[in-house]
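Chemist: Below you'll find the structure I mean.
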Amino acid sequence: MLDSFKSGNTLKDTFEDISPDLFKLVKGLLEFNPYFRLSAEEALKSPVFDKIRVPKYEKPSPIKIN
């Protein structure tokens, strides 16, 4: 996969066979600038996880995690 980047291919060229939602998630997680990078909370809201999401088990942590 790294060879594709060396040859001038874009991220879209490398991941051309994945769904648009999955591409958006991967791109957001690989964003270099932390200001624009997806947080874990934002990433977990992705439609990619809709099929496995169980809302009744989703709740915030009772303690602050640093």
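Residues in the structure tokens are numbered from 1 in each chain, the chains being A, B, ... in the order shown, and ligands are numbered from 1 in the order shown.
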Tell me, as a VMD selection string, which residues lie within 8 Å of range 44-61 of chain A, counting only C-alpha atoms; anything in the same chain fewer than 5 positions away does not count.
Modeler: chain A and resid 21 to 22 25
Chemist: Where in chain A does DSSP assign helix (DSSP H, G or I), given as a VMD selection string?
Modeler: chain A and resid 2 to 6 11 to 14 20 to 29 40 to 44 47 to 49 55 to 57
Chemist: For the selection you just gave me, I'd like the residues written to a file as a PDB file, in the first residue's frame, keeping N, CA and C atoms.
Modeler:
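Output saved as selection_0.pdb:
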```
ATOM      1  N   LEU A   2       1.947   1.268   0.750  1.00  0.00           N
ATOM      2  CA  LEU A   2       2.807   2.452   0.786  1.00  0.00           C
ATOM      3  C   LEU A   2       3.435   2.728  -0.572  1.00  0.00           C
ATOM      4  N   ASP A   3       3.662   1.685  -1.373  1.00  0.00           N
ATOM      5  CA  ASP A   3       4.198   1.882  -2.715  1.00  0.00           C
ATOM      6  C   ASP A   3       3.257   2.707  -3.576  1.00  0.00           C
ATOM      7  N   SER A   4       1.930   2.588  -3.339  1.00  0.00           N
ATOM      8  CA  SER A   4       0.990   3.368  -4.140  1.00  0.00           C
ATOM      9  C   SER A   4       1.151   4.853  -3.898  1.00  0.00           C
ATOM     10  N   PHE A   5       1.469   5.235  -2.647  1.00  0.00           N
ATOM     11  CA  PHE A   5       1.655   6.653  -2.358  1.00  0.00           C
ATOM     12  C   PHE A   5       2.939   7.173  -2.978  1.00  0.00           C
ATOM     13  N   LYS A   6       3.962   6.346  -3.007  1.00  0.00           N
ATOM     14  CA  LYS A   6       5.233   6.764  -3.595  1.00  0.00           C
ATOM     15  C   LYS A   6       5.090   7.003  -5.096  1.00  0.00           C
ATOM     16  N   LEU A  11      -5.047   9.079  -1.921  1.00  0.00           N
ATOM     17  CA  LEU A  11      -5.712   8.197  -0.976  1.00  0.00           C
ATOM     18  C   LEU A  11      -6.925   7.541  -1.639  1.00  0.00           C
ATOM     19  N   LYS A  12      -7.646   8.312  -2.445  1.00  0.00           N
ATOM     20  CA  LYS A  12      -8.825   7.788  -3.148  1.00  0.00           C
ATOM     21  C   LYS A  12      -8.422   6.672  -4.117  1.00  0.00           C
ATOM     22  N   ASP A  13      -7.276   6.818  -4.785  1.00  0.00           N
ATOM     23  CA  ASP A  13      -6.796   5.762  -5.696  1.00  0.00           C
ATOM     24  C   ASP A  13      -6.471   4.492  -4.920  1.00  0.00           C
ATOM     25  N   THR A  14      -5.878   4.653  -3.759  1.00  0.00           N
ATOM     26  CA  THR A  14      -5.462   3.507  -2.960  1.00  0.00           C
ATOM     27  C   THR A  14      -6.661   2.747  -2.397  1.00  0.00           C
ATOM     28  N   PRO A  20     -18.232   4.933   0.169  1.00  0.00           N
ATOM     29  CA  PRO A  20     -17.973   6.357   0.446  1.00  0.00           C
ATOM     30  C   PRO A  20     -17.935   6.665   1.948  1.00  0.00           C
ATOM     31  N   ASP A  21     -18.794   6.015   2.730  1.00  0.00           N
ATOM     32  CA  ASP A  21     -18.798   6.254   4.181  1.00  0.00           C
ATOM     33  C   ASP A  21     -17.502   5.774   4.822  1.00  0.00           C
ATOM     34  N   LEU A  22     -17.033   4.616   4.398  1.00  0.00           N
ATOM     35  CA  LEU A  22     -15.780   4.086   4.951  1.00  0.00           C
ATOM     36  C   LEU A  22     -14.595   4.944   4.515  1.00  0.00           C
ATOM     37  N   PHE A  23     -14.619   5.427   3.276  1.00  0.00           N
ATOM     38  CA  PHE A  23     -13.547   6.304   2.810  1.00  0.00           C
ATOM     39  C   PHE A  23     -13.508   7.590   3.628  1.00  0.00           C
ATOM     40  N   LYS A  24     -14.676   8.164   3.891  1.00  0.00           N
ATOM     41  CA  LYS A  24     -14.746   9.401   4.683  1.00  0.00           C
ATOM     42  C   LYS A  24     -14.193   9.166   6.097  1.00  0.00           C
ATOM     43  N   LEU A  25     -14.503   8.003   6.688  1.00  0.00           N
ATOM     44  CA  LEU A  25     -14.000   7.664   8.013  1.00  0.00           C
ATOM     45  C   LEU A  25     -12.480   7.506   7.998  1.00  0.00           C
ATOM     46  N   VAL A  26     -11.957   6.745   7.048  1.00  0.00           N
ATOM     47  CA  VAL A  26     -10.503   6.525   6.952  1.00  0.00           C
ATOM     48  C   VAL A  26      -9.786   7.850   6.728  1.00  0.00           C
ATOM     49  N   LYS A  27     -10.310   8.655   5.827  1.00  0.00           N
ATOM     50  CA  LYS A  27      -9.688   9.955   5.536  1.00  0.00           C
ATOM     51  C   LYS A  27      -9.683  10.848   6.784  1.00  0.00           C
ATOM     52  N   GLY A  28     -10.787  10.840   7.518  1.00  0.00           N
ATOM     53  CA  GLY A  28     -10.877  11.650   8.731  1.00  0.00           C
ATOM     54  C   GLY A  28      -9.923  11.197   9.820  1.00  0.00           C
ATOM     55  N   LEU A  29      -9.706   9.880   9.918  1.00  0.00           N
ATOM     56  CA  LEU A  29      -8.804   9.348  10.936  1.00  0.00           C
ATOM     57  C   LEU A  29      -7.341   9.534  10.563  1.00  0.00           C
ATOM     58  N   ALA A  40     -12.316  10.252  18.486  1.00  0.00           N
ATOM     59  CA  ALA A  40     -12.899   8.907  18.641  1.00  0.00           C
ATOM     60  C   ALA A  40     -14.426   9.008  18.675  1.00  0.00           C
ATOM     61  N   GLU A  41     -14.943   9.997  19.366  1.00  0.00           N
ATOM     62  CA  GLU A  41     -16.391  10.174  19.465  1.00  0.00           C
ATOM     63  C   GLU A  41     -17.006  10.447  18.091  1.00  0.00           C
ATOM     64  N   GLU A  42     -16.366  11.307  17.315  1.00  0.00           N
ATOM     65  CA  GLU A  42     -16.865  11.607  15.967  1.00  0.00           C
ATOM     66  C   GLU A  42     -16.782  10.371  15.064  1.00  0.00           C
ATOM     67  N   ALA A  43     -15.682   9.647  15.168  1.00  0.00           N
ATOM     68  CA  ALA A  43     -15.496   8.455  14.333  1.00  0.00           C
ATOM     69  C   ALA A  43     -16.558   7.403  14.626  1.00  0.00           C
ATOM     70  N   LEU A  44     -16.885   7.233  15.883  1.00  0.00           N
ATOM     71  CA  LEU A  44     -17.870   6.216  16.255  1.00  0.00           C
ATOM     72  C   LEU A  44     -19.287   6.566  15.817  1.00  0.00           C
ATOM     73  N   PRO A  47     -21.690   6.274   9.910  1.00  0.00           N
ATOM     74  CA  PRO A  47     -22.667   5.279   9.463  1.00  0.00           C
ATOM     75  C   PRO A  47     -22.047   3.891   9.245  1.00  0.00           C
ATOM     76  N   VAL A  48     -20.734   3.823   9.167  1.00  0.00           N
ATOM     77  CA  VAL A  48     -20.047   2.537   8.994  1.00  0.00           C
ATOM     78  C   VAL A  48     -20.420   1.593  10.148  1.00  0.00           C
ATOM     79  N   PHE A  49     -20.663   2.146  11.333  1.00  0.00           N
ATOM     80  CA  PHE A  49     -20.933   1.330  12.510  1.00  0.00           C
ATOM     81  C   PHE A  49     -22.426   1.106  12.770  1.00  0.00           C
ATOM     82  N   PRO A  55     -27.586   1.004  20.671  1.00  0.00           N
ATOM     83  CA  PRO A  55     -27.724   2.253  21.433  1.00  0.00           C
ATOM     84  C   PRO A  55     -27.930   2.072  22.937  1.00  0.00           C
ATOM     85  N   LYS A  56     -28.609   1.013  23.355  1.00  0.00           N
ATOM     86  CA  LYS A  56     -28.863   0.858  24.802  1.00  0.00           C
ATOM     87  C   LYS A  56     -27.570   0.630  25.592  1.00  0.00           C
ATOM     88  N   TYR A  57     -26.497   0.202  24.924  1.00  0.00           N
ATOM     89  CA  TYR A  57     -25.222  -0.011  25.606  1.00  0.00           C
ATOM     90  C   TYR A  57     -24.286   1.191  25.490  1.00  0.00           C
TER      91      TYR A  57
END
```
Chemist: Between CA of Gly8 in chain A and CA of Glu31 in chain A, what distance in Å does the model show, to one decimal?
Modeler: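 The value is 17.9 Å.
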Chemist: So the first atom is CA of Glu16 in chain A and the second is CA of Phe32 in chain A; what is the distance between them in Å, to one decimal place?
Modeler: 20.5 Å
